[in-house]
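Chemist: This one is my_file.pdb, PDB, C-alpha atoms, pLDDT in the B column.
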```
ATOM      1  CA  MET A  13     113.618 -42.427 136.083  1.00 47.00           C
ATOM      2  CA  ALA A  14     115.701 -39.915 134.227  1.00 49.00           C
ATOM      3  CA  SER A  15     119.136 -39.210 135.630  1.00 51.00           C
ATOM      4  CA  PRO A  16     119.840 -35.759 137.172  1.00 51.00           C
ATOM      5  CA  LYS A  17     122.279 -35.059 134.328  1.00 50.00           C
ATOM      6  CA  ALA A  18     119.581 -35.696 131.671  1.00 50.00           C
ATOM      7  CA  ILE A  19     117.106 -33.436 133.455  1.00 56.00           C
ATOM      8  CA  LYS A  20     119.720 -30.660 133.632  1.00 68.00           C
ATOM      9  CA  TRP A  21     120.482 -30.801 129.908  1.00 65.00           C
ATOM     10  CA  LYS A  22     116.793 -30.871 129.080  1.00 65.00           C
ATOM     11  CA  SER A  23     116.263 -27.693 131.106  1.00 64.00           C
ATOM     12  CA  VAL A  24     119.169 -26.009 129.378  1.00 61.00           C
ATOM     13  CA  PHE A  25     117.826 -27.008 125.981  1.00 61.00           C
ATOM     14  CA  LEU A  26     114.350 -25.694 126.784  1.00 60.00           C
ATOM     15  CA  GLY A  27     115.845 -22.468 128.086  1.00 62.00           C
ATOM     16  CA  ILE A  28     117.777 -21.945 124.872  1.00 66.00           C
ATOM     17  CA  ILE A  29     114.675 -22.602 122.787  1.00 67.00           C
ATOM     18  CA  ALA A  30     112.679 -20.130 124.883  1.00 55.00           C
ATOM     19  CA  LEU A  31     115.400 -17.491 124.523  1.00 58.00           C
ATOM     20  CA  LEU A  32     115.544 -17.959 120.765  1.00 61.00           C
ATOM     21  CA  LEU A  33     111.783 -17.690 120.449  1.00 55.00           C
ATOM     22  CA  PHE A  34     111.745 -14.550 122.578  1.00 48.00           C
ATOM     23  CA  SER A  35     114.577 -13.023 120.551  1.00 54.00           C
ATOM     24  CA  CYS A  36     112.859 -13.789 117.260  1.00 56.00           C
ATOM     25  CA  ALA A  37     109.584 -12.342 118.519  1.00 49.00           C
ATOM     26  CA  TYR A  38     111.360  -9.221 119.766  1.00 51.00           C
ATOM     27  CA  VAL A  39     113.151  -8.686 116.452  1.00 55.00           C
ATOM     28  CA  LEU A  40     109.980  -9.193 114.428  1.00 53.00           C
ATOM     29  CA  LEU A  41     107.989  -6.837 116.632  1.00 52.00           C
ATOM     30  CA  THR A  42     110.752  -4.235 116.537  1.00 54.00           C
ATOM     31  CA  LEU A  43     111.079  -4.347 112.767  1.00 54.00           C
ATOM     32  CA  PHE A  44     107.488  -4.760 111.640  1.00 54.00           C
ATOM     33  CA  ALA A  45     105.017  -4.070 114.455  1.00 51.00           C
ATOM     34  CA  ILE A  46     106.026  -0.602 115.633  1.00 68.00           C
ATOM     35  CA  PRO A  47     104.734   2.705 114.273  1.00 73.00           C
ATOM     36  CA  VAL A  48     107.038   4.359 111.742  1.00 76.00           C
ATOM     37  CA  GLU A  49     107.638   8.063 111.399  1.00 81.00           C
ATOM     38  CA  PRO A  50     108.052   9.731 107.989  1.00 87.00           C
ATOM     39  CA  ILE A  51     111.329  11.436 107.134  1.00 88.00           C
ATOM     40  CA  GLU A  52     110.761  15.177 107.056  1.00 88.00           C
ATOM     41  CA  TYR A  53     113.181  17.957 106.276  1.00 86.00           C
ATOM     42  CA  GLU A  54     114.377  20.040 109.190  1.00 87.00           C
ATOM     43  CA  ALA A  55     116.725  23.022 109.126  1.00 85.00           C
ATOM     44  CA  PRO A  56     120.374  22.229 109.895  1.00 85.00           C
ATOM     45  CA  PRO A  57     121.567  22.508 113.497  1.00 82.00           C
ATOM     46  CA  LYS A  58     122.188  26.095 114.520  1.00 74.00           C
ATOM     47  CA  LEU A  59     125.890  25.414 114.790  1.00 56.00           C
ATOM     48  CA  VAL A  60     125.998  24.839 111.007  1.00 44.00           C
ATOM     49  CA  GLN A  61     124.259  28.114 110.249  1.00 43.00           C
ATOM     50  CA  GLN A  62     126.419  30.041 112.716  1.00 40.00           C
ATOM     51  CA  GLY A  63     129.524  28.357 111.353  1.00 40.00           C
ATOM     52  CA  ASN A  64     128.682  29.276 107.784  1.00 42.00           C
ATOM     53  CA  ALA A  65     128.029  32.856 108.791  1.00 37.00           C
ATOM     54  CA  SER A  66     131.356  33.072 110.599  1.00 37.00           C
ATOM     55  CA  VAL A  67     133.169  31.793 107.514  1.00 37.00           C
ATOM     56  CA  ALA A  68     131.557  34.413 105.321  1.00 36.00           C
ATOM     57  CA  SER A  69     132.384  37.219 107.746  1.00 32.00           C
ATOM     58  CA  SER A  70     136.004  36.171 108.200  1.00 33.00           C
ATOM     59  CA  VAL A  71     136.770  35.667 104.533  1.00 34.00           C
ATOM     60  CA  VAL A  72     136.863  39.378 103.776  1.00 28.00           C
ATOM     61  CA  GLN A  73     139.479  39.999 106.443  1.00 31.00           C
ATOM     62  CA  VAL A  74     141.597  37.063 105.288  1.00 31.00           C
ATOM     63  CA  ASP A  75     141.413  38.031 101.624  1.00 35.00           C
ATOM     64  CA  GLU A  76     142.456  41.605 102.359  1.00 34.00           C
ATOM     65  CA  ALA A  77     145.607  40.552 104.164  1.00 37.00           C
ATOM     66  CA  ALA A  78     146.582  37.356 102.351  1.00 35.00           C
ATOM     67  CA  PRO A  79     147.793  36.816  98.782  1.00 36.00           C
ATOM     68  CA  SER A  80     145.043  36.124  96.321  1.00 41.00           C
ATOM     69  CA  VAL A  81     144.166  32.518  95.695  1.00 43.00           C
ATOM     70  CA  PRO A  82     144.402  31.351  92.074  1.00 45.00           C
ATOM     71  CA  ALA A  83     140.868  31.216  90.706  1.00 47.00           C
ATOM     72  CA  PRO A  84     139.661  28.484  88.365  1.00 46.00           C
ATOM     73  CA  THR A  85     140.496  29.208  84.747  1.00 40.00           C
ATOM     74  CA  PRO A  86     137.786  30.937  82.691  1.00 38.00           C
ATOM     75  CA  GLY A  87     135.532  28.634  80.729  1.00 38.00           C
ATOM     76  CA  SER A  88     136.303  25.621  82.882  1.00 37.00           C
ATOM     77  CA  PRO A  89     134.042  24.271  85.669  1.00 41.00           C
ATOM     78  CA  PRO A  90     135.462  25.421  89.019  1.00 63.00           C
ATOM     79  CA  ASP A  91     135.280  21.945  90.554  1.00 71.00           C
ATOM     80  CA  THR A  92     137.457  20.536  87.757  1.00 79.00           C
ATOM     81  CA  ASP A  93     140.352  22.848  88.581  1.00 88.00           C
ATOM     82  CA  ILE A  94     139.852  22.405  92.319  1.00 91.00           C
ATOM     83  CA  GLU A  95     139.832  18.609  91.983  1.00 90.00           C
ATOM     84  CA  ALA A  96     143.114  18.805  90.069  1.00 90.00           C
ATOM     85  CA  LEU A  97     144.566  21.083  92.734  1.00 92.00           C
ATOM     86  CA  ALA A  98     143.587  18.641  95.491  1.00 92.00           C
ATOM     87  CA  LYS A  99     145.077  15.671  93.628  1.00 90.00           C
ATOM     88  CA  GLY A 100     148.294  17.606  93.193  1.00 91.00           C
ATOM     89  CA  VAL A 101     148.486  18.119  96.956  1.00 91.00           C
ATOM     90  CA  PHE A 102     147.609  14.615  98.144  1.00 89.00           C
ATOM     91  CA  PHE A 103     148.879  12.433  95.291  1.00 87.00           C
ATOM     92  CA  GLU A 104     151.841  14.417  93.968  1.00 86.00           C
ATOM     93  CA  GLY A 105     153.116  16.123  97.130  1.00 85.00           C
ATOM     94  CA  LYS A 106     152.567  19.731  96.007  1.00 88.00           C
ATOM     95  CA  SER A 107     152.103  22.593  98.460  1.00 89.00           C
ATOM     96  CA  SER A 108     148.681  22.647 100.142  1.00 90.00           C
ATOM     97  CA  GLU A 109     148.583  26.410 100.761  1.00 91.00           C
ATOM     98  CA  ALA A 110     146.468  27.366  97.730  1.00 91.00           C
ATOM     99  CA  PHE A 111     144.088  24.435  98.210  1.00 93.00           C
ATOM    100  CA  ALA A 112     143.624  25.079 101.936  1.00 93.00           C
ATOM    101  CA  ALA A 113     142.778  28.722 101.238  1.00 92.00           C
ATOM    102  CA  LEU A 114     139.794  27.673  99.104  1.00 93.00           C
ATOM    103  CA  PHE A 115     137.869  26.596 102.205  1.00 94.00           C
ATOM    104  CA  GLY A 116     137.635  30.261 103.209  1.00 91.00           C
ATOM    105  CA  HIS A 117     136.692  31.479  99.719  1.00 91.00           C
ATOM    106  CA  PRO A 118     133.743  33.934  99.600  1.00 91.00           C
ATOM    107  CA  ASP A 119     132.026  31.851  96.900  1.00 91.00           C
ATOM    108  CA  GLN A 120     130.095  28.965  98.472  1.00 90.00           C
ATOM    109  CA  ASP A 121     130.368  26.914  95.265  1.00 90.00           C
ATOM    110  CA  VAL A 122     134.166  27.084  95.542  1.00 91.00           C
ATOM    111  CA  ARG A 123     134.087  26.063  99.204  1.00 93.00           C
ATOM    112  CA  GLU A 124     131.822  23.124  98.418  1.00 92.00           C
ATOM    113  CA  ALA A 125     133.982  22.020  95.487  1.00 92.00           C
ATOM    114  CA  ALA A 126     137.027  22.090  97.765  1.00 94.00           C
ATOM    115  CA  ALA A 127     135.177  20.045 100.391  1.00 94.00           C
ATOM    116  CA  LEU A 128     134.155  17.437  97.810  1.00 93.00           C
ATOM    117  CA  ALA A 129     137.698  17.249  96.426  1.00 93.00           C
ATOM    118  CA  LEU A 130     139.137  16.762  99.918  1.00 94.00           C
ATOM    119  CA  ALA A 131     136.574  14.077 100.726  1.00 93.00           C
ATOM    120  CA  ARG A 132     137.340  12.132  97.549  1.00 90.00           C
ATOM    121  CA  CYS A 133     141.083  12.298  98.144  1.00 89.00           C
ATOM    122  CA  TYR A 134     140.552  11.216 101.751  1.00 87.00           C
ATOM    123  CA  ALA A 135     138.548   8.202 100.583  1.00 84.00           C
ATOM    124  CA  ALA A 136     141.117   7.364  97.901  1.00 80.00           C
ATOM    125  CA  ASN A 137     143.837   7.383 100.570  1.00 73.00           C
ATOM    126  CA  GLY A 138     141.897   4.961 102.725  1.00 66.00           C
ATOM    127  CA  GLY A 139     140.887   7.567 105.291  1.00 56.00           C
ATOM    128  CA  MET A 140     143.279   8.054 108.194  1.00 49.00           C
ATOM    129  CA  ILE A 141     143.924   4.353 108.723  1.00 53.00           C
ATOM    130  CA  GLU A 142     147.647   3.769 109.247  1.00 54.00           C
ATOM    131  CA  PRO A 143     149.058   2.208 106.073  1.00 53.00           C
ATOM    132  CA  ARG A 144     150.928  -1.035 105.621  1.00 53.00           C
ATOM    133  CA  ALA A 145     154.682  -0.647 106.056  1.00 53.00           C
ATOM    134  CA  GLU A 146     155.452  -2.273 102.708  1.00 56.00           C
ATOM    135  CA  SER A 147     153.449   0.290 100.701  1.00 68.00           C
ATOM    136  CA  ASP A 148     155.806   3.267 100.355  1.00 73.00           C
ATOM    137  CA  GLU A 149     153.453   5.241  98.123  1.00 74.00           C
ATOM    138  CA  PHE A 150     150.530   4.768 100.485  1.00 75.00           C
ATOM    139  CA  ILE A 151     152.690   5.771 103.450  1.00 78.00           C
ATOM    140  CA  ARG A 152     153.647   8.974 101.662  1.00 80.00           C
ATOM    141  CA  ARG A 153     150.011   9.781 100.921  1.00 80.00           C
ATOM    142  CA  TRP A 154     149.006   9.002 104.495  1.00 80.00           C
ATOM    143  CA  GLU A 155     151.725  11.275 105.883  1.00 83.00           C
ATOM    144  CA  THR A 156     150.669  14.030 103.475  1.00 86.00           C
ATOM    145  CA  MET A 157     147.069  13.808 104.706  1.00 86.00           C
ATOM    146  CA  GLU A 158     148.251  13.778 108.330  1.00 86.00           C
ATOM    147  CA  ASN A 159     150.383  16.881 107.764  1.00 89.00           C
ATOM    148  CA  PHE A 160     147.521  18.616 106.004  1.00 92.00           C
ATOM    149  CA  TRP A 161     145.186  18.134 108.977  1.00 90.00           C
ATOM    150  CA  ALA A 162     147.913  19.091 111.446  1.00 89.00           C
ATOM    151  CA  ASN A 163     148.248  22.505 109.797  1.00 89.00           C
ATOM    152  CA  ALA A 164     144.657  22.946 108.630  1.00 88.00           C
ATOM    153  CA  ASP A 165     142.113  25.488 109.831  1.00 92.00           C
ATOM    154  CA  LYS A 166     139.779  22.706 110.957  1.00 91.00           C
ATOM    155  CA  PRO A 167     136.685  24.815 111.768  1.00 92.00           C
ATOM    156  CA  THR A 168     136.766  26.426 108.314  1.00 94.00           C
ATOM    157  CA  ILE A 169     137.160  23.075 106.551  1.00 94.00           C
ATOM    158  CA  LEU A 170     134.462  21.420 108.623  1.00 91.00           C
ATOM    159  CA  ASN A 171     132.107  24.309 107.864  1.00 93.00           C
ATOM    160  CA  ALA A 172     132.629  23.705 104.143  1.00 94.00           C
ATOM    161  CA  LEU A 173     131.932  19.995 104.629  1.00 94.00           C
ATOM    162  CA  ARG A 174     128.730  20.842 106.494  1.00 93.00           C
ATOM    163  CA  GLU A 175     127.653  23.150 103.683  1.00 93.00           C
ATOM    164  CA  VAL A 176     127.869  20.240 101.244  1.00 92.00           C
ATOM    165  CA  ILE A 177     126.010  17.811 103.488  1.00 94.00           C
ATOM    166  CA  SER A 178     123.357  20.411 104.330  1.00 92.00           C
ATOM    167  CA  LYS A 179     122.572  20.858 100.645  1.00 90.00           C
ATOM    168  CA  SER A 180     122.498  17.071 100.284  1.00 91.00           C
ATOM    169  CA  VAL A 181     119.872  16.729 103.003  1.00 92.00           C
ATOM    170  CA  GLU A 182     117.771  19.522 101.539  1.00 89.00           C
ATOM    171  CA  THR A 183     117.834  18.319  97.928  1.00 86.00           C
ATOM    172  CA  GLY A 184     118.200  14.558  98.339  1.00 81.00           C
ATOM    173  CA  GLY A 185     121.834  14.611  97.282  1.00 73.00           C
ATOM    174  CA  SER A 186     123.617  12.529  94.702  1.00 66.00           C
ATOM    175  CA  GLU A 187     123.840   8.777  94.374  1.00 58.00           C
ATOM    176  CA  PHE A 188     125.100   6.934  97.449  1.00 57.00           C
ATOM    177  CA  ALA A 189     128.452   6.171  95.828  1.00 55.00           C
ATOM    178  CA  GLY A 190     128.936   9.829  94.905  1.00 67.00           C
ATOM    179  CA  GLY A 191     130.584  12.709  96.714  1.00 82.00           C
ATOM    180  CA  ASP A 192     127.914  13.126  99.383  1.00 89.00           C
ATOM    181  CA  TYR A 193     128.810   9.829 101.023  1.00 91.00           C
ATOM    182  CA  HIS A 194     132.519  10.684 100.942  1.00 92.00           C
ATOM    183  CA  VAL A 195     131.757  13.984 102.695  1.00 94.00           C
ATOM    184  CA  LEU A 196     129.703  12.161 105.330  1.00 94.00           C
ATOM    185  CA  TYR A 197     132.576   9.707 105.848  1.00 93.00           C
ATOM    186  CA  LEU A 198     135.061  12.557 106.215  1.00 93.00           C
ATOM    187  CA  LEU A 199     132.780  14.341 108.682  1.00 94.00           C
ATOM    188  CA  ALA A 200     132.688  11.141 110.728  1.00 93.00           C
ATOM    189  CA  TRP A 201     136.451  10.621 110.910  1.00 90.00           C
ATOM    190  CA  SER A 202     138.169  13.982 110.458  1.00 89.00           C
ATOM    191  CA  PRO A 203     139.905  15.404 113.556  1.00 87.00           C
ATOM    192  CA  GLY A 204     138.501  18.113 115.828  1.00 85.00           C
ATOM    193  CA  GLN A 205     135.066  19.447 116.822  1.00 87.00           C
ATOM    194  CA  ASP A 206     133.706  16.044 117.823  1.00 91.00           C
ATOM    195  CA  THR A 207     130.411  17.321 119.246  1.00 92.00           C
ATOM    196  CA  GLN A 208     129.628  19.537 116.271  1.00 92.00           C
ATOM    197  CA  ARG A 209     130.435  16.788 113.803  1.00 94.00           C
ATOM    198  CA  ALA A 210     128.317  14.331 115.786  1.00 95.00           C
ATOM    199  CA  GLU A 211     125.337  16.697 115.795  1.00 94.00           C
ATOM    200  CA  THR A 212     125.642  17.161 112.045  1.00 95.00           C
ATOM    201  CA  ILE A 213     125.823  13.408 111.396  1.00 96.00           C
ATOM    202  CA  ALA A 214     122.868  12.850 113.738  1.00 96.00           C
ATOM    203  CA  TRP A 215     120.912  15.395 111.698  1.00 96.00           C
ATOM    204  CA  VAL A 216     121.760  13.460 108.520  1.00 95.00           C
ATOM    205  CA  ALA A 217     120.658  10.194 110.158  1.00 95.00           C
ATOM    206  CA  ASN A 218     117.302  11.673 111.128  1.00 95.00           C
ATOM    207  CA  HIS A 219     116.441  13.829 108.110  1.00 94.00           C
ATOM    208  CA  HIS A 220     118.267  12.778 104.923  1.00 94.00           C
ATOM    209  CA  PRO A 221     115.773  11.504 102.318  1.00 93.00           C
ATOM    210  CA  SER A 222     118.208   8.784 101.166  1.00 92.00           C
ATOM    211  CA  ASP A 223     117.919   5.472 103.032  1.00 92.00           C
ATOM    212  CA  ASP A 224     121.579   4.719 102.293  1.00 92.00           C
ATOM    213  CA  MET A 225     122.792   8.032 103.711  1.00 93.00           C
ATOM    214  CA  ARG A 226     120.673   7.654 106.849  1.00 94.00           C
ATOM    215  CA  ARG A 227     121.924   4.098 107.381  1.00 93.00           C
ATOM    216  CA  ALA A 228     125.548   5.162 106.941  1.00 93.00           C
ATOM    217  CA  ALA A 229     125.041   8.047 109.371  1.00 95.00           C
ATOM    218  CA  VAL A 230     123.536   5.679 111.958  1.00 95.00           C
ATOM    219  CA  PHE A 231     126.606   3.465 111.721  1.00 94.00           C
ATOM    220  CA  PHE A 232     129.096   6.372 111.868  1.00 95.00           C
ATOM    221  CA  ILE A 233     127.445   8.022 114.862  1.00 94.00           C
ATOM    222  CA  VAL A 234     127.929   4.826 116.884  1.00 92.00           C
ATOM    223  CA  ALA A 235     131.225   3.605 115.432  1.00 91.00           C
ATOM    224  CA  ASN A 236     133.180   6.726 116.411  1.00 92.00           C
ATOM    225  CA  ASP A 237     133.986   6.384 120.113  1.00 90.00           C
ATOM    226  CA  GLY A 238     134.915  10.072 120.264  1.00 92.00           C
ATOM    227  CA  PHE A 239     131.333  11.200 119.670  1.00 94.00           C
ATOM    228  CA  PRO A 240     129.121  11.948 122.705  1.00 94.00           C
ATOM    229  CA  ARG A 241     127.216   8.787 123.598  1.00 93.00           C
ATOM    230  CA  ASP A 242     123.930  10.586 124.285  1.00 94.00           C
ATOM    231  CA  ILE A 243     123.794  11.872 120.700  1.00 95.00           C
ATOM    232  CA  GLY A 244     124.218   8.333 119.392  1.00 93.00           C
ATOM    233  CA  ASP A 245     121.615   6.964 121.796  1.00 93.00           C
ATOM    234  CA  ASP A 246     119.083   9.542 120.613  1.00 95.00           C
ATOM    235  CA  VAL A 247     119.723   8.628 116.967  1.00 95.00           C
ATOM    236  CA  LEU A 248     119.271   4.902 117.665  1.00 93.00           C
ATOM    237  CA  ALA A 249     116.016   5.557 119.501  1.00 91.00           C
ATOM    238  CA  ARG A 250     114.639   7.694 116.664  1.00 93.00           C
ATOM    239  CA  ARG A 251     115.755   5.353 113.883  1.00 92.00           C
ATOM    240  CA  ALA A 252     113.884   2.520 115.568  1.00 89.00           C
ATOM    241  CA  HIS A 253     110.849   4.157 113.911  1.00 90.00           C
ATOM    242  CA  ASP A 254     112.491   4.743 110.519  1.00 92.00           C
ATOM    243  CA  PRO A 255     110.341   3.977 107.453  1.00 92.00           C
ATOM    244  CA  SER A 256     113.076   1.672 106.116  1.00 91.00           C
ATOM    245  CA  PRO A 257     113.255  -1.839 107.649  1.00 88.00           C
ATOM    246  CA  ARG A 258     116.980  -1.913 106.822  1.00 89.00           C
ATOM    247  CA  ILE A 259     117.596   1.135 109.001  1.00 92.00           C
ATOM    248  CA  ARG A 260     115.398  -0.157 111.806  1.00 90.00           C
ATOM    249  CA  PHE A 261     117.439  -3.368 111.700  1.00 87.00           C
ATOM    250  CA  GLU A 262     120.718  -1.374 111.710  1.00 88.00           C
ATOM    251  CA  ALA A 263     119.529   0.603 114.740  1.00 90.00           C
ATOM    252  CA  LEU A 264     118.535  -2.632 116.490  1.00 86.00           C
ATOM    253  CA  ILE A 265     121.950  -4.199 115.849  1.00 88.00           C
ATOM    254  CA  GLN A 266     123.748  -1.124 117.149  1.00 87.00           C
ATOM    255  CA  ARG A 267     121.596  -1.025 120.291  1.00 83.00           C
ATOM    256  CA  VAL A 268     122.368  -4.676 121.002  1.00 82.00           C
ATOM    257  CA  GLN A 269     126.076  -4.136 120.426  1.00 81.00           C
ATOM    258  CA  ARG A 270     126.053  -1.232 122.865  1.00 82.00           C
ATOM    259  CA  ILE A 271     124.619  -3.488 125.544  1.00 78.00           C
ATOM    260  CA  PHE A 272     127.518  -5.937 125.187  1.00 73.00           C
TER     261      PHE A 272
END
```
The structure given in the file should be rewritten as structure tokens.
Modeler:
Amino acid sequence: MASPKAIKWKSVFLGIIALLLFSCAYVLLTLFAIPVEPIEYEAPPKLVQQGNASVASSVVQVDEAAPSVPAPTPGSPPDTDIEALAKGVFFEGKSSEAFAALFGHPDQDVREAAALALARCYAANGGMIEPRAESDEFIRRWETMENFWANADKPTILNALREVISKSVETGGSEFAGGDYHVLYLLAWSPGQDTQRAETIAWVANHHPSDDMRRAAVFFIVANDGFPRDIGDDVLARRAHDPSPRIRFEALIQRVQRIF
């Protein structure tokens, strides 16, 4: 007769096997046996359209009262000069006044170029993660970025970022490693307007034609604890039917992590 101890371990072993089989079956069914929904374009959230309109209407008043902002030099692509201006602010410690004013410029191309330049500098500075104490240069850059956001007109800047990402969703955007991803990253982690940023990122997760951009948006919408949980839950539920198995798997992982 088997000892009570042997019977107990046998039951535990069988239970583990049963759990593993159930888990494997659940994962396989979730990834490959559920109906998928095609990715279709949908207009940006109303808050994006209203925000863009408010920028355009306020620019005239600002430009009439404020000193003119230096325009890009003739014959040179605007984004080249704007990129250089941004690098001067965040890498060389120059005044941010002229660069910050570009986010309220009446020309949408200028606003988008400023948003892309800011996003690239943000990524180059390692986001807003507090730097290592031994890196004096990185500390200086981090403090410069912190000061910029402390004095920035956040709604105007975030509207420019949303303009870039809206065009990306509509056209398919650039390569994943390009500026579109940097803008998405900055939208996820920049300060202020948590609900509006979350709704924009959720829209990217559900409607961007790029698998990589949708997958990144799924991760960002869950990783940022400041975003409303219900928006993230809705994204995870919808991406469970994504055409890409990678994104369905990402959504499954995030749902499991939320349980624990």
Chemist: Which distance in Å separates atom CA of A:Pro118 and atom CA of A:Pro221, to one decimal?
Modeler: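 These atoms are spaced 28.9 Å apart.
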Chemist: Please, what distance in Å, to one decimal, runs between atom CA of A:Arg153 and atom CA of A:Gly105?
Modeler: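 Straight-line distance from atom CA of A:Arg153 to atom CA of A:Gly105 works out to 8.0 Å.
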Chemist: Applied to this file, what does the PyMOL selection byres ((chain A and resi 259) around 10) return in terms of residues, put as a list of chain:residue names?
Modeler: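 Selected by the PyMOL selection byres ((chain A and resi 259) around 10) here: A:Leu43, A:Ala217, A:Asp223, A:Asp224, A:Arg226, A:Arg227, A:Ala228, A:Val230, A:Phe231, A:Leu248, A:Arg251, A:Ala252, A:His253, A:Asp254, A:Pro255, A:Ser256, A:Pro257, A:Arg258, A:Arg260, A:Phe261, A:Glu262, A:Ala263, A:Leu264, A:Ile265.
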Chemist: Mind writing the picked residues with C-alpha atoms as a PDB file, in the coordinates of the input?
Modeler:
```
ATOM      1  CA  LEU A  43     111.079  -4.347 112.767  1.00 54.00           C
ATOM      2  CA  ALA A 217     120.658  10.194 110.158  1.00 95.00           C
ATOM      3  CA  ASP A 223     117.919   5.472 103.032  1.00 92.00           C
ATOM      4  CA  ASP A 224     121.579   4.719 102.293  1.00 92.00           C
ATOM      5  CA  ARG A 226     120.673   7.654 106.849  1.00 94.00           C
ATOM      6  CA  ARG A 227     121.924   4.098 107.381  1.00 93.00           C
ATOM      7  CA  ALA A 228     125.548   5.162 106.941  1.00 93.00           C
ATOM      8  CA  VAL A 230     123.536   5.679 111.958  1.00 95.00           C
ATOM      9  CA  PHE A 231     126.606   3.465 111.721  1.00 94.00           C
ATOM     10  CA  LEU A 248     119.271   4.902 117.665  1.00 93.00           C
ATOM     11  CA  ARG A 251     115.755   5.353 113.883  1.00 92.00           C
ATOM     12  CA  ALA A 252     113.884   2.520 115.568  1.00 89.00           C
ATOM     13  CA  HIS A 253     110.849   4.157 113.911  1.00 90.00           C
ATOM     14  CA  ASP A 254     112.491   4.743 110.519  1.00 92.00           C
ATOM     15  CA  PRO A 255     110.341   3.977 107.453  1.00 92.00           C
ATOM     16  CA  SER A 256     113.076   1.672 106.116  1.00 91.00           C
ATOM     17  CA  PRO A 257     113.255  -1.839 107.649  1.00 88.00           C
ATOM     18  CA  ARG A 258     116.980  -1.913 106.822  1.00 89.00           C
ATOM     19  CA  ARG A 260     115.398  -0.157 111.806  1.00 90.00           C
ATOM     20  CA  PHE A 261     117.439  -3.368 111.700  1.00 87.00           C
ATOM     21  CA  GLU A 262     120.718  -1.374 111.710  1.00 88.00           C
ATOM     22  CA  ALA A 263     119.529   0.603 114.740  1.00 90.00           C
ATOM     23  CA  LEU A 264     118.535  -2.632 116.490  1.00 86.00           C
ATOM     24  CA  ILE A 265     121.950  -4.199 115.849  1.00 88.00           C
TER      25      ILE A 265
END
```
Chemist: Figure out the distance between atom CA of A:Val195 and atom CA of A:Leu173, please, to one decimal in Å.
Modeler: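 Distance between the two atoms: 6.3 Å.
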Chemist: Quick one: of A:Leu130, A:Leu196, A:Ala136, A:Val181, who's nearest to A:Trp161, counting all atoms listed in the file?
Modeler: A:Leu130
Chemist: Under the rule that only C-alpha atoms are counted, which of A:Ala55, A:Val234, A:Ala164, A:Ala229 is the nearest residue to A:Ala214?
Modeler: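 Going through A:Ala55, A:Val234, A:Ala164, A:Ala229 one by one, the smallest distance to A:Ala214 is for A:Ala229.
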Chemist: So which residues get picked by the PyMOL selection byres ((chain A and resi 100) around 12) here, written as an MDAnalysis selection string?
Modeler: chainID A and resid 93:99 101:111 129:130 133 153 156
Chemist: Please provide the set of residues having any atom within 8 Å of A:Phe239, restricted to all atoms listed in the file, with same-chain residues fewer than 4 positions apart removed, written as a count of residues only.
Modeler: 7
Chemist: Name the residues within 12 Å of (122.1, 21.7, 113.1), counting all atoms listed in the file in the file's coordinates, and put them as a PyMOL selection string.
Modeler: chain A and resi 53-64+171+174-175+177-178+181+207-219
Chemist: Using all atoms listed in the file, which residue out of A:Pro47, A:Pro203, A:Pro240, A:Gly116 lies closest to A:Phe160?
Modeler: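 Of the candidates, the smallest distance to A:Phe160 is held by A:Pro203.
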Chemist: Would you mind writing stretch 156-166 of chain A with N, CA and C atoms, as a compact mmCIF listing (two decimals), keeping the file's coordinate frame?
Modeler:
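Below is the file part_3.txt, written as the result:
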```
# COMPACT_ATOMS: atom_id res chain seq x y z
N THR A 156 151.11 12.76 104.05
CA THR A 156 150.67 14.03 103.48
C THR A 156 149.32 14.45 104.04
N MET A 157 148.38 13.51 104.15
CA MET A 157 147.07 13.81 104.71
C MET A 157 147.19 14.17 106.18
N GLU A 158 148.03 13.46 106.92
CA GLU A 158 148.25 13.78 108.33
C GLU A 158 148.81 15.19 108.50
N ASN A 159 149.79 15.55 107.69
CA ASN A 159 150.38 16.88 107.76
C ASN A 159 149.37 17.96 107.39
N PHE A 160 148.54 17.65 106.41
CA PHE A 160 147.52 18.62 106.00
C PHE A 160 146.60 18.94 107.17
N TRP A 161 146.10 17.90 107.86
CA TRP A 161 145.19 18.13 108.98
C TRP A 161 145.90 18.79 110.16
N ALA A 162 147.17 18.49 110.33
CA ALA A 162 147.91 19.09 111.45
C ALA A 162 148.02 20.60 111.29
N ASN A 163 148.09 21.08 110.05
CA ASN A 163 148.25 22.50 109.80
C ASN A 163 146.97 23.17 109.32
N ALA A 164 145.88 22.42 109.23
CA ALA A 164 144.66 22.95 108.63
C ALA A 164 143.88 23.81 109.62
N ASP A 165 143.10 24.73 109.06
CA ASP A 165 142.11 25.49 109.83
C ASP A 165 140.86 24.61 109.90
N LYS A 166 140.82 23.74 110.90
CA LYS A 166 139.78 22.71 110.96
C LYS A 166 138.36 23.27 110.98
```
